[in-house]
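Structure below is work_28.csv: CSV, C-alpha atoms.
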```
chain,number,residue,atom,x,y,z
A,1,MET,CA,-14.6,-7.6,33.2
A,2,LYS,CA,-10.8,-7.2,33.0
A,3,PRO,CA,-8.8,-10.3,31.8
A,4,ASN,CA,-6.7,-12.0,34.3
A,5,ILE,CA,-4.3,-13.8,31.9
A,6,GLY,CA,-0.9,-13.3,33.4
A,7,ILE,CA,0.0,-10.1,31.5
A,8,ALA,CA,0.1,-6.8,33.3
A,9,ASP,CA,-2.5,-4.3,32.3
A,10,LYS,CA,0.0,-1.8,30.9
A,11,ASP,CA,1.6,-4.6,28.9
A,12,ARG,CA,-1.8,-5.8,27.5
A,13,GLN,CA,-2.6,-2.2,26.6
A,14,ALA,CA,0.7,-1.7,24.8
A,15,VAL,CA,0.2,-4.9,22.8
A,16,ALA,CA,-3.4,-3.9,22.0
A,17,GLU,CA,-2.0,-0.7,20.5
A,18,ILE,CA,0.3,-2.7,18.4
A,19,LEU,CA,-2.6,-4.8,17.2
A,20,ASN,CA,-4.8,-1.9,16.4
A,21,THR,CA,-2.1,-0.3,14.3
A,22,LEU,CA,-1.7,-3.6,12.5
A,23,LEU,CA,-5.4,-3.9,12.2
A,24,SER,CA,-5.5,-0.5,10.4
A,25,ASP,CA,-2.7,-1.6,8.0
A,26,GLU,CA,-4.4,-4.9,7.3
A,27,PHE,CA,-7.8,-3.2,6.6
A,28,VAL,CA,-6.3,-0.6,4.3
A,29,LEU,CA,-4.4,-3.4,2.4
A,30,TYR,CA,-7.6,-5.4,2.2
A,31,VAL,CA,-9.5,-2.5,0.7
A,32,LYS,CA,-6.7,-1.7,-1.7
A,33,THR,CA,-6.4,-5.3,-2.9
A,34,ARG,CA,-10.2,-5.5,-3.3
A,35,ASN,CA,-10.1,-2.3,-5.3
A,36,PHE,CA,-7.4,-3.7,-7.6
A,37,HIS,CA,-9.5,-6.9,-8.0
A,38,TRP,CA,-12.4,-4.8,-9.2
A,39,ASN,CA,-10.4,-2.5,-11.5
A,40,VAL,CA,-7.7,-4.6,-13.0
A,41,THR,CA,-7.5,-4.6,-16.8
A,42,GLY,CA,-5.2,-5.9,-19.5
A,43,LEU,CA,-4.0,-9.1,-20.9
A,44,GLN,CA,-3.5,-10.8,-17.5
A,45,PHE,CA,-7.0,-9.7,-16.4
A,46,ASN,CA,-8.3,-13.2,-15.6
A,47,ASP,CA,-5.2,-14.4,-13.7
A,48,LEU,CA,-4.8,-11.1,-11.7
A,49,HIS,CA,-8.6,-10.9,-11.0
A,50,LYS,CA,-8.5,-14.3,-9.4
A,51,PHE,CA,-5.1,-13.7,-7.8
A,52,PHE,CA,-6.3,-10.5,-6.1
A,53,GLU,CA,-9.5,-12.2,-5.0
A,54,ALA,CA,-7.5,-14.9,-3.3
A,55,GLN,CA,-5.4,-12.3,-1.6
A,56,TYR,CA,-8.2,-10.1,-0.3
A,57,GLU,CA,-10.1,-13.2,0.9
A,58,GLU,CA,-7.0,-14.1,3.0
A,59,LEU,CA,-6.7,-10.5,4.2
A,60,ASP,CA,-10.4,-10.6,5.2
A,61,ASP,CA,-9.6,-13.4,7.6
A,62,VAL,CA,-6.5,-11.7,8.8
A,63,VAL,CA,-8.5,-8.5,9.6
A,64,ASP,CA,-10.9,-10.5,11.7
A,65,GLU,CA,-8.1,-12.5,13.5
A,66,VAL,CA,-6.2,-9.3,14.4
A,67,ALA,CA,-9.4,-7.6,15.8
A,68,GLU,CA,-10.3,-10.7,17.8
A,69,ARG,CA,-6.7,-10.9,19.2
A,70,ALA,CA,-7.1,-7.4,20.5
A,71,ARG,CA,-10.4,-8.3,22.0
A,72,ALA,CA,-8.9,-11.4,23.7
A,73,LEU,CA,-6.5,-9.0,25.4
A,74,GLY,CA,-9.5,-7.0,26.8
A,75,ALA,CA,-9.0,-4.1,24.4
A,76,ARG,CA,-11.5,-2.5,22.0
A,77,ALA,CA,-10.6,-3.2,18.4
A,78,PHE,CA,-10.7,-0.3,16.0
A,79,GLY,CA,-13.8,-0.6,13.8
A,80,THR,CA,-14.2,2.7,11.8
A,81,LEU,CA,-12.8,3.9,8.6
A,82,ALA,CA,-11.6,7.1,10.4
A,83,GLU,CA,-9.6,5.0,12.9
A,84,PHE,CA,-8.1,2.9,10.2
A,85,ARG,CA,-7.1,5.9,8.1
A,86,GLU,CA,-5.7,7.7,11.1
A,87,ASN,CA,-3.6,4.8,12.3
A,88,THR,CA,-2.4,3.0,9.2
A,89,ARG,CA,1.2,3.2,8.1
A,90,LEU,CA,0.2,2.6,4.5
A,91,LYS,CA,-0.5,5.1,1.8
A,92,GLU,CA,-3.5,5.3,-0.5
A,93,THR,CA,-4.2,7.3,-3.6
A,94,ALA,CA,-7.9,8.0,-3.9
A,95,GLY,CA,-9.3,7.6,-7.4
A,96,ALA,CA,-6.2,6.1,-8.9
A,97,VAL,CA,-6.4,3.0,-11.0
A,98,PRO,CA,-2.8,2.1,-11.9
A,99,ALA,CA,-1.9,-0.3,-14.7
A,100,ALA,CA,-1.8,-4.0,-13.7
A,101,LYS,CA,1.9,-4.2,-13.2
A,102,GLU,CA,1.8,-1.1,-10.9
A,103,MET,CA,-1.0,-2.6,-8.9
A,104,ILE,CA,1.2,-5.6,-8.2
A,105,ALA,CA,4.2,-3.4,-7.3
A,106,GLU,CA,2.0,-1.2,-5.0
A,107,LEU,CA,0.7,-4.2,-3.2
A,108,LEU,CA,4.2,-5.6,-2.8
A,109,GLY,CA,5.2,-2.1,-1.5
A,110,ASP,CA,2.5,-2.5,1.2
A,111,HIS,CA,3.2,-6.1,2.2
A,112,GLU,CA,6.9,-5.6,2.7
A,113,PRO,CA,6.6,-2.7,5.2
A,114,ILE,CA,4.0,-4.8,7.1
A,115,ILE,CA,6.6,-7.6,7.3
A,116,ARG,CA,9.2,-5.2,8.6
A,117,ALA,CA,6.8,-3.8,11.2
A,118,LEU,CA,5.7,-7.3,12.2
A,119,ARG,CA,9.3,-8.2,13.0
A,120,GLN,CA,9.5,-5.3,15.3
A,121,ASP,CA,6.1,-6.0,16.8
A,122,ILE,CA,7.0,-9.6,17.5
A,123,GLU,CA,10.0,-8.4,19.6
A,124,LYS,CA,7.8,-5.8,21.4
A,125,ALA,CA,5.1,-8.4,22.3
A,126,ASP,CA,7.9,-10.7,23.5
A,127,LYS,CA,9.3,-8.0,25.8
A,128,ARG,CA,5.7,-7.5,27.2
A,129,GLY,CA,5.5,-11.2,28.1
A,130,ASP,CA,2.8,-12.0,25.5
A,131,VAL,CA,3.9,-15.2,23.9
A,132,GLY,CA,0.4,-15.7,22.5
A,133,THR,CA,0.5,-12.5,20.5
A,134,ASN,CA,4.1,-13.2,19.6
A,135,ASP,CA,3.1,-16.6,18.0
A,136,PHE,CA,0.1,-15.0,16.4
A,137,LEU,CA,2.2,-12.2,14.8
A,138,THR,CA,4.7,-14.8,13.6
A,139,GLY,CA,2.0,-16.6,11.7
A,140,LEU,CA,0.9,-13.3,10.1
A,141,LEU,CA,4.5,-12.6,9.2
A,142,GLU,CA,4.6,-15.9,7.3
A,143,LYS,CA,1.4,-15.1,5.5
A,144,HIS,CA,2.7,-11.7,4.3
A,145,GLU,CA,6.0,-13.2,3.3
A,146,ARG,CA,4.1,-15.7,1.1
A,147,ALA,CA,2.0,-13.0,-0.4
A,148,SER,CA,5.1,-10.9,-1.1
A,149,TRP,CA,6.8,-13.8,-2.8
A,150,MET,CA,3.8,-14.3,-5.1
A,151,LEU,CA,3.6,-10.6,-5.9
A,152,ARG,CA,7.4,-10.6,-6.7
A,153,SER,CA,6.9,-13.6,-8.9
A,154,PHE,CA,4.3,-11.8,-11.0
A,155,LEU,CA,6.8,-9.0,-11.5
A,156,GLY,CA,9.5,-11.4,-12.6
```
Could you show the structure in this file as structure tokens?
Amino acid sequence: MKPNIGIADKDRQAVAEILNTLLSDEFVLYVKTRNFHWNVTGLQFNDLHKFFEAQYEELDDVVDEVAERARALGARAFGTLAEFRENTRLKETAGAVPAAKEMIAELLGDHEPIIRALRQDIEKADKRGDVGTNDFLTGLLEKHERASWMLRSFLG
């Protein structure tokens, strides 16, 4: 059954596309953060292992929330690795295990483009009359800004 929530079908579909692209980015970032949690080494191992764990746990919740927001709009949420890889704006390097400092820099280099994309996506959702998604994306923006600040703090 199609939602009757005061947003035109074409607008709901456009916002769902934004959300599925974001879902792809969030899932790739989640996997990358988890990978770094598993593979970090060096003098800061304990701190970074715990730090990466806290970040991937938050991203796990974000992934679920983004998918559920797409579903609330009546769209199908992406759910396959192929869809995530095809639609993400982030880059991965298979098999690479960078040094701890490069891991931090790489994660920062993923959070910041998501922040920039979210700023644009918030405007797009607003133009489509979807204040709920606008508010939701604003909350995600704040989470990514906080994560970026913490990553930048590690880098000094």
Which residue out of A:Glu57, A:Thr138, A:Phe52, A:Arg71 has the minimum interatomic distance to A:Ile122 when all atoms listed in the file are used?
A:Thr138
Long-range neighbours of A:Arg89 as number ranges by chain, 10 Å cut-off, all atoms listed in the file, 4 positions minimum in chain:
A: 21-22, 24-26, 28, 84-85, 110, 113-114, 117
Sphere at (-1.5, -12.5, -6.4), radius 6 Å, counting only C-alpha atoms: residues as a PDB file with C-alpha atoms, keeping the file's coordinate frame:
```
ATOM      1  CA  PHE A  51      -5.100 -13.700  -7.800  1.00  0.00           C
ATOM      2  CA  PHE A  52      -6.300 -10.500  -6.100  1.00  0.00           C
ATOM      3  CA  MET A 150       3.800 -14.300  -5.100  1.00  0.00           C
ATOM      4  CA  LEU A 151       3.600 -10.600  -5.900  1.00  0.00           C
TER       5      LEU A 151
END
```
Straight-line distance linking atom CA of A:Asn4 with atom CA of A:Arg119, stated in Å to one decimal:
26.9 Å
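Between atom CA of A:Leu43 and atom CA of A:Glu92 the interatomic distance comes to 25.0 Å.
The spacing separating atom CA of A:Glu58 from atom CA of A:Ala147 amounts to 9.7 Å.
Of the residues under consideration (A:Arg12, A:Leu23, A:Asp130, A:Lys2), A:Leu23 shows the shortest atom-to-atom contact distance to A:Glu65 when counting all atoms listed in the file.
For the point (-4.7, -2.9, -10.0) in file coordinates, the residues within 8 Å, using all atoms listed in the file, are Thr33, Asn35, Phe36, His37, Trp38, Asn39, Val40, Thr41, Val97, Pro98, Ala99, Ala100, Lys101, Glu102, Met103 and Ile104 of chain A.
Shortest separation to A:Ala96 among A:Arg146, A:Arg128, A:His111, A:Lys32 occurs at residue A:Lys32, atoms counted being only C-alpha atoms.
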Restricting the calculation to all atoms listed in the file: of A:Gly109, A:Ser153, A:Pro3, A:Ala77, which residue gets closest to A:Lys91?
A:Gly109
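Proximity to A:Trp149 at 12 Å, evaluated using all atoms listed in the file and with sequence-adjacent residues fewer than 3 positions away removed, yields Ile104, Ala105, Leu107, Leu108, Gly109, His111, Glu112, Ile115, Glu142, Lys143, His144, Glu145, Arg146, Arg152, Ser153, Phe154, Leu155 and Gly156 of chain A.
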Between A:Thr80, A:Asn20, A:Thr133, A:Gln55, which has the minimum distance to A:Ala67 (counting all atoms listed in the file)?
A:Asn20
